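*Asks:* Okay, handing you the structure first.
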Amino acid sequence: MGVLHRQRWCGATGLVVPLLTLASPAALKIAGVAPSWAVLWLLPWALVDGPASGAVAGLALGLVLDGLHLGWASEVPALMLLGWWWGRIGRRGLPIERSYNLGLLAALGAFLLGGSLLLQLRWHDHHLAPVAGWHTLFAQSLLTGLLAPVLCSLQLLRWRRVAELRGG
Amino acid sequence: MPGRSLRVPGLRKIVDAWPWWLLLLALVGVRLSKGAGIVDAYALLSRPFWPGPAQSQWLRSAQLLQQQASVEQLERDNRRLRALLELDRNNGQRVSAPVISRDPAGWWQQLELGKGSSDGLRPGQPVLAPGGFIGRLSSVTPTTARVVLLTDGSSRLGVWVARVQRHGLLVGQGTPRPRIQFLDKDTGVRPGDVITTSPASTLVPPNLLVGVVQSVNEDLAPAPDAAVQLSAPVDAVDWVQVVVR
């Protein structure tokens with residue numbers, strides 16, 4: 001584990017995710033679909049703080065977000081997996097900095113998260129039209145990938161500095 | 001007698017008064033043409049004041065007022081008759097609630113309302129918006145309530161097509177247009193038919209406007225289905241009414 005989770009205010013920034021999900025600002029939507037705010041917060045967190053902390057953060061975020069949604073489909077498994085995976089990427093090799101890489105990781109993460117939801121909604125007797133499912137999936141991945149270079153790189157810079165100062 | 005002929009006073013005056021003669025000629029022309037130039041000029045000048053869009057608007061608003069009054073009258077009558085028949089089991093109060101979060105697209109189609117169980121809201125209660133019925137409450141907290149919109153994939157509602165007197169099941173698809181599944185083959189439903197909640201319904205208020213049939217898929221087996229355009233603008237609604245029993 002890294003040191004980021006020991007800074008209370010760093011973890012508290014995760015509260016922004018459910019608030020943004022509820023507010024769902026219309027200016028940041030493509031065809032009515034909002035980006036995956038959970039992915040945009042989790043990606044820099046896991047890259048800085050490692051796989052274990054990433055998985056725990058994914059669990060926490062998933063539990064909160066599931067509470068905000070209808071039905072039983074859960075974001076927890078996908079978010080935990082993404083947190084763990086991105087934590088491993090952050091620990092091994094060179095630190096990820098380029099916006100292209102961040103955008104690609106975020107888009108992939110949003111695609112996996114959306115895909116897991118799509119499967120679960122199909123599994124339950126949920127009448128989701130195929131067109132609607134694919135539309136949401138692609139729009140959300142695209143938008144998340146486009147926003148990630150801007151938002152995630154700012155968080156990465158900030159949190160890496162915190163981690164260095166606190167001796168990570 | 002030089003100048004005598006020049007001093008004929010009558011003739012000279014007549015010649016000098018030529019503008020008056022012209023005027024007289026013009027008036028005779030007007031008379032003979034049944035007042036053509038005058039009426040045309042009047043038409044040209046009075047054109048801005050002709051009975052135009054403004055007047056037809058007054059007429060239309062008067063008509064609207066009359067229709068509203070007759071609708072209110074009929075509603076009162078209907079309520080009285082339903083009460084006589086003991087059909088009216090939900091003479092419930094309506095609680096107005098603000099929409100504090102709106103997500104009509106994406107994985108879930110839901111609204112969050114700014115009132116909850118402390119205002120008497122309970123899960124399952126019907127939610128109305130300007131324009132018609134939009135959904136039902138799925139869960140409540142003391143100060144908030146969550147609405148499942150009719151467009152959500154988990155939403156099911158029995159509806160009624162009044163023109164052909166058919167029941168159907170309105171099933172959300174996750175798109176802005178839910179579909180109606182009919183029970184029998186020959187429905188006779190056409191695009192443009194108005195969909196309301198079932199008149200015999202006790203779960204939701206009866207005879208509430210839901211939407212309009214947009215297209216019918218007759219080829220589907222075993223029974224046709226139809227796409228519905230909801231009458232309430234779900235992505236713009238900011239206040240709703242919850243029917244509290």
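By order in the structure tokens, chains are A, B, ...; within a chain, residues start at 1; ligands start at 1, following the order shown.
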From a DSSP calculation on the backbone, collect every residue of stretch 6-163 of chain A in alpha helix (DSSP H) and output the set as number ranges by chain.
*Replies:* A: 8-12, 16-23, 37-49, 51-68, 76-91, 99-123, 130-163
*Asks:* Save out the residues we just selected, C-alpha atoms, as a compact mmCIF listing (two decimals), in the first residue's frame.
*Replies:*
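Ended up saving to result_13.txt:
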```
# COMPACT_ATOMS: atom_id res chain seq x y z
CA ARG A 8 -7.59 11.78 5.22
CA TRP A 9 -8.37 14.67 2.88
CA CYS A 10 -7.07 12.69 -0.13
CA GLY A 11 -9.61 9.95 0.49
CA ALA A 12 -12.28 12.56 1.13
CA VAL A 16 -16.89 14.18 -5.26
CA VAL A 17 -17.70 11.05 -7.31
CA PRO A 18 -21.23 10.38 -5.95
CA LEU A 19 -21.96 14.11 -5.86
CA LEU A 20 -20.99 14.51 -9.54
CA THR A 21 -22.97 11.37 -10.43
CA LEU A 22 -26.06 12.90 -8.80
CA ALA A 23 -25.53 16.38 -10.25
CA TRP A 37 -16.83 9.72 -12.70
CA ALA A 38 -15.80 6.66 -10.67
CA VAL A 39 -13.25 5.69 -13.33
CA LEU A 40 -11.93 9.24 -13.57
CA TRP A 41 -11.24 9.33 -9.81
CA LEU A 42 -10.08 5.74 -9.37
CA LEU A 43 -7.50 5.75 -12.17
CA PRO A 44 -5.07 8.31 -10.65
CA TRP A 45 -5.71 7.01 -7.12
CA ALA A 46 -4.77 3.44 -8.02
CA LEU A 47 -1.80 4.50 -10.17
CA VAL A 48 -0.31 6.41 -7.22
CA ASP A 49 -1.37 4.24 -4.30
CA PRO A 51 -3.14 -2.40 -6.14
CA ALA A 52 -4.46 -3.10 -2.61
CA SER A 53 -5.47 0.50 -1.97
CA GLY A 54 -6.92 0.68 -5.50
CA ALA A 55 -9.09 -2.39 -4.94
CA VAL A 56 -10.34 -1.08 -1.58
CA ALA A 57 -11.10 2.32 -3.11
CA GLY A 58 -12.96 0.52 -5.93
CA LEU A 59 -15.00 -1.41 -3.36
CA ALA A 60 -15.86 1.77 -1.43
CA LEU A 61 -16.84 3.69 -4.55
CA GLY A 62 -18.84 0.76 -5.90
CA LEU A 63 -20.83 0.40 -2.68
CA VAL A 64 -21.72 4.09 -2.62
CA LEU A 65 -22.66 4.21 -6.31
CA ASP A 66 -24.77 1.04 -6.10
CA GLY A 67 -26.77 2.79 -3.42
CA LEU A 68 -27.55 5.61 -5.83
CA VAL A 76 -18.36 -3.26 -7.25
CA PRO A 77 -16.66 -6.19 -9.06
CA ALA A 78 -15.61 -4.13 -12.07
CA LEU A 79 -14.34 -1.22 -9.98
CA MET A 80 -12.35 -3.50 -7.62
CA LEU A 81 -10.77 -5.27 -10.58
CA LEU A 82 -9.90 -1.95 -12.24
CA GLY A 83 -8.41 -0.56 -9.01
CA TRP A 84 -6.24 -3.62 -8.57
CA TRP A 85 -5.17 -3.68 -12.24
CA TRP A 86 -4.28 0.03 -12.38
CA GLY A 87 -2.45 -0.29 -9.05
CA ARG A 88 -0.23 -3.00 -10.56
CA ILE A 89 0.42 -0.87 -13.63
CA GLY A 90 1.43 2.01 -11.37
CA ARG A 91 3.83 -0.15 -9.34
CA SER A 99 -2.25 11.96 -21.75
CA TYR A 100 -2.66 9.36 -24.49
CA ASN A 101 -1.98 6.53 -22.03
CA LEU A 102 -4.28 8.03 -19.39
CA GLY A 103 -7.07 8.48 -21.92
CA LEU A 104 -6.70 4.93 -23.20
CA LEU A 105 -6.69 3.41 -19.70
CA ALA A 106 -9.75 5.44 -18.67
CA ALA A 107 -11.64 4.56 -21.86
CA LEU A 108 -10.83 0.88 -21.38
CA GLY A 109 -11.87 1.07 -17.73
CA ALA A 110 -15.18 2.75 -18.58
CA PHE A 111 -15.78 0.13 -21.28
CA LEU A 112 -15.18 -2.73 -18.85
CA LEU A 113 -17.35 -1.13 -16.18
CA GLY A 114 -20.16 -0.48 -18.67
CA GLY A 115 -19.78 -3.96 -20.13
CA SER A 116 -20.16 -5.56 -16.70
CA LEU A 117 -23.33 -3.50 -16.11
CA LEU A 118 -24.68 -4.41 -19.55
CA LEU A 119 -24.18 -8.13 -18.83
CA GLN A 120 -25.81 -7.87 -15.41
CA LEU A 121 -28.81 -5.92 -16.75
CA ARG A 122 -29.29 -8.53 -19.47
CA TRP A 123 -28.93 -11.30 -16.91
CA PRO A 130 -29.60 -3.58 -27.38
CA VAL A 131 -29.32 -0.23 -29.14
CA ALA A 132 -29.64 1.65 -25.85
CA GLY A 133 -27.01 -0.54 -24.16
CA TRP A 134 -24.40 -0.11 -26.87
CA HIS A 135 -25.15 3.58 -27.18
CA THR A 136 -24.55 4.15 -23.47
CA LEU A 137 -21.47 1.94 -23.45
CA PHE A 138 -19.70 3.65 -26.34
CA ALA A 139 -20.73 7.19 -25.42
CA GLN A 140 -19.56 6.74 -21.83
CA SER A 141 -16.21 5.16 -22.79
CA LEU A 142 -15.51 7.86 -25.35
CA LEU A 143 -16.38 10.71 -22.99
CA THR A 144 -14.41 9.21 -20.09
CA GLY A 145 -11.38 8.71 -22.35
CA LEU A 146 -11.60 12.32 -23.54
CA LEU A 147 -11.89 13.81 -20.05
CA ALA A 148 -9.21 11.62 -18.46
CA PRO A 149 -6.12 13.43 -19.85
CA VAL A 150 -7.36 16.71 -18.34
CA LEU A 151 -8.74 15.56 -15.00
CA CYS A 152 -6.59 12.53 -14.23
CA SER A 153 -3.27 14.20 -15.00
CA LEU A 154 -4.09 17.02 -12.56
CA GLN A 155 -4.94 14.52 -9.82
CA LEU A 156 -1.86 12.43 -10.66
CA LEU A 157 0.45 15.45 -10.32
CA ARG A 158 -1.10 16.50 -7.04
CA TRP A 159 -1.16 13.04 -5.45
CA ARG A 160 2.34 12.08 -6.63
CA ARG A 161 3.65 15.23 -4.92
CA VAL A 162 1.81 14.29 -1.73
CA ALA A 163 3.18 10.73 -1.92
```
*Asks:* Excluding stretch 239-243 of chain B and residues on its chain fewer than 4 positions from it, collect all residues at most 9 Å away from it, counting only C-alpha atoms, and give them as a compact mmCIF listing (two decimals) with C-alpha atoms, in the first residue's frame.
*Replies:*
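The result, stored in selection_10.txt:
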```
# COMPACT_ATOMS: atom_id res chain seq x y z
CA ASN B 90 -57.33 6.88 -4.57
CA ASN B 91 -58.77 10.23 -3.81
CA GLY B 92 -55.24 10.95 -2.58
CA GLN B 93 -53.57 14.22 -1.89
CA ARG B 94 -50.87 15.37 -4.25
CA VAL B 95 -47.51 16.46 -2.88
CA SER B 96 -45.35 18.69 -5.04
CA ALA B 97 -41.67 17.79 -4.97
CA PRO B 98 -38.65 19.38 -6.66
CA VAL B 99 -36.42 17.26 -8.89
CA LEU B 113 -36.94 14.16 -5.57
CA LEU B 121 -44.02 9.64 0.37
CA GLN B 125 -46.63 5.87 -5.23
CA PRO B 126 -47.31 7.31 -8.70
CA VAL B 127 -45.47 10.41 -9.90
CA LEU B 128 -47.03 12.98 -12.24
CA ALA B 129 -45.28 15.70 -14.20
CA PRO B 130 -46.69 18.51 -16.30
CA ARG B 136 -43.36 5.47 -9.65
CA LEU B 137 -41.31 5.83 -6.48
CA VAL B 204 -52.02 4.40 -10.29
CA PRO B 205 -54.66 7.09 -10.81
```
*Asks:* Show me, as CSV, the residues of chain B having an atom within 10 Å of chain A, each with the closest atom pair and its distance in Å, using only C-alpha atoms.
*Replies:*
```
residue,atom,partner,partner_atom,distance
B:Ile100,CA,A:Ala23,CA,8.0
B:Ser101,CA,A:Leu22,CA,5.5
B:Arg102,CA,A:Ser24,CA,7.4
B:Asp103,CA,A:Ser24,CA,7.1
B:Pro104,CA,A:Gly32,CA,7.6
B:Ala105,CA,A:Gly32,CA,5.5
B:Gly106,CA,A:Val33,CA,5.2
B:Trp107,CA,A:Thr136,CA,6.9
B:Trp108,CA,A:Leu70,CA,6.6
B:Gln109,CA,A:Leu70,CA,8.3
B:Gln110,CA,A:Leu70,CA,7.5
B:Leu111,CA,A:Leu22,CA,9.4
B:Glu112,CA,A:Leu22,CA,8.4
B:Ser138,CA,A:Leu70,CA,7.7
B:Ser139,CA,A:Leu70,CA,8.8
B:Arg146,CA,A:Leu70,CA,8.3
B:Val147,CA,A:Leu70,CA,8.9
B:Val148,CA,A:Leu70,CA,7.4
B:Thr151,CA,A:Leu128,CA,9.7
B:Asp152,CA,A:Leu128,CA,8.0
B:Gly153,CA,A:His127,CA,4.5
B:Ser154,CA,A:His126,CA,5.3
B:Ser155,CA,A:His127,CA,8.5
B:Arg156,CA,A:His127,CA,9.7
B:Val171,CA,A:His127,CA,7.4
B:Gly172,CA,A:His127,CA,6.6
B:Gln173,CA,A:Leu128,CA,4.8
B:Gly174,CA,A:Leu128,CA,5.2
B:Thr175,CA,A:Ala132,CA,5.7
B:Pro176,CA,A:Ala132,CA,9.2
B:Pro178,CA,A:Ala129,CA,9.6
B:Asp235,CA,A:Gly32,CA,9.2
```
*Asks:* Please indicate the distance in Å from atom CA of B:Ala200 to atom CA of B:Ala83, rounded to one decimal place.
*Replies:*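 Rounded to one decimal, the two atoms are 13.3 Å apart.
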*Asks:* Which residues come within 10 Å of A:Arg166, counting only C-alpha atoms, excluding same-chain residues fewer than 5 positions away, as a list in words?
*Replies:*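 Non-adjacent residues within range: Gly2, Val3, Leu4, Arg6, Gln7, Arg160 and Arg161 of chain A.
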*Asks:* Mind pulling up the distance from atom CA of B:Pro19 to atom CA of B:Leu32?
*Replies:* 19.8 Å
*Asks:* Could you find all residues in stretch 12-170 of chain B that DSSP calls strand (DSSP E) from the backbone, and write them as JSON, numbers by chain?
*Replies:* {"B": [93, 94, 95, 96, 97, 98, 99, 100, 101, 102, 103, 110, 111, 112, 113, 126, 127, 128, 129, 132, 133, 134, 135, 136, 137, 138, 139, 140, 145, 146, 147, 148, 149, 156, 157, 158, 159, 160, 161, 166, 167, 168, 169, 170]}
*Asks:* Which value, in Å to one decimal, gives the distance between atom CA of B:Asp219 and atom CA of B:Trp160?
*Replies:* 21.1 Å
*Asks:* Within 8 Å of B:Leu170, counting only C-alpha atoms, which residues qualify if same-chain residues fewer than 3 places away don't, as a ChimeraX atom specification?
*Replies:* /B:150,155-159,178-181
*Asks:* For B:Gly135, which of B:Val189, B:Leu149, B:Glu218, B:Ala227 is the closest residue, counting only C-alpha atoms?
*Replies:*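 Between B:Val189, B:Leu149, B:Glu218, B:Ala227, the residue approaching B:Gly135 most closely is B:Leu149.
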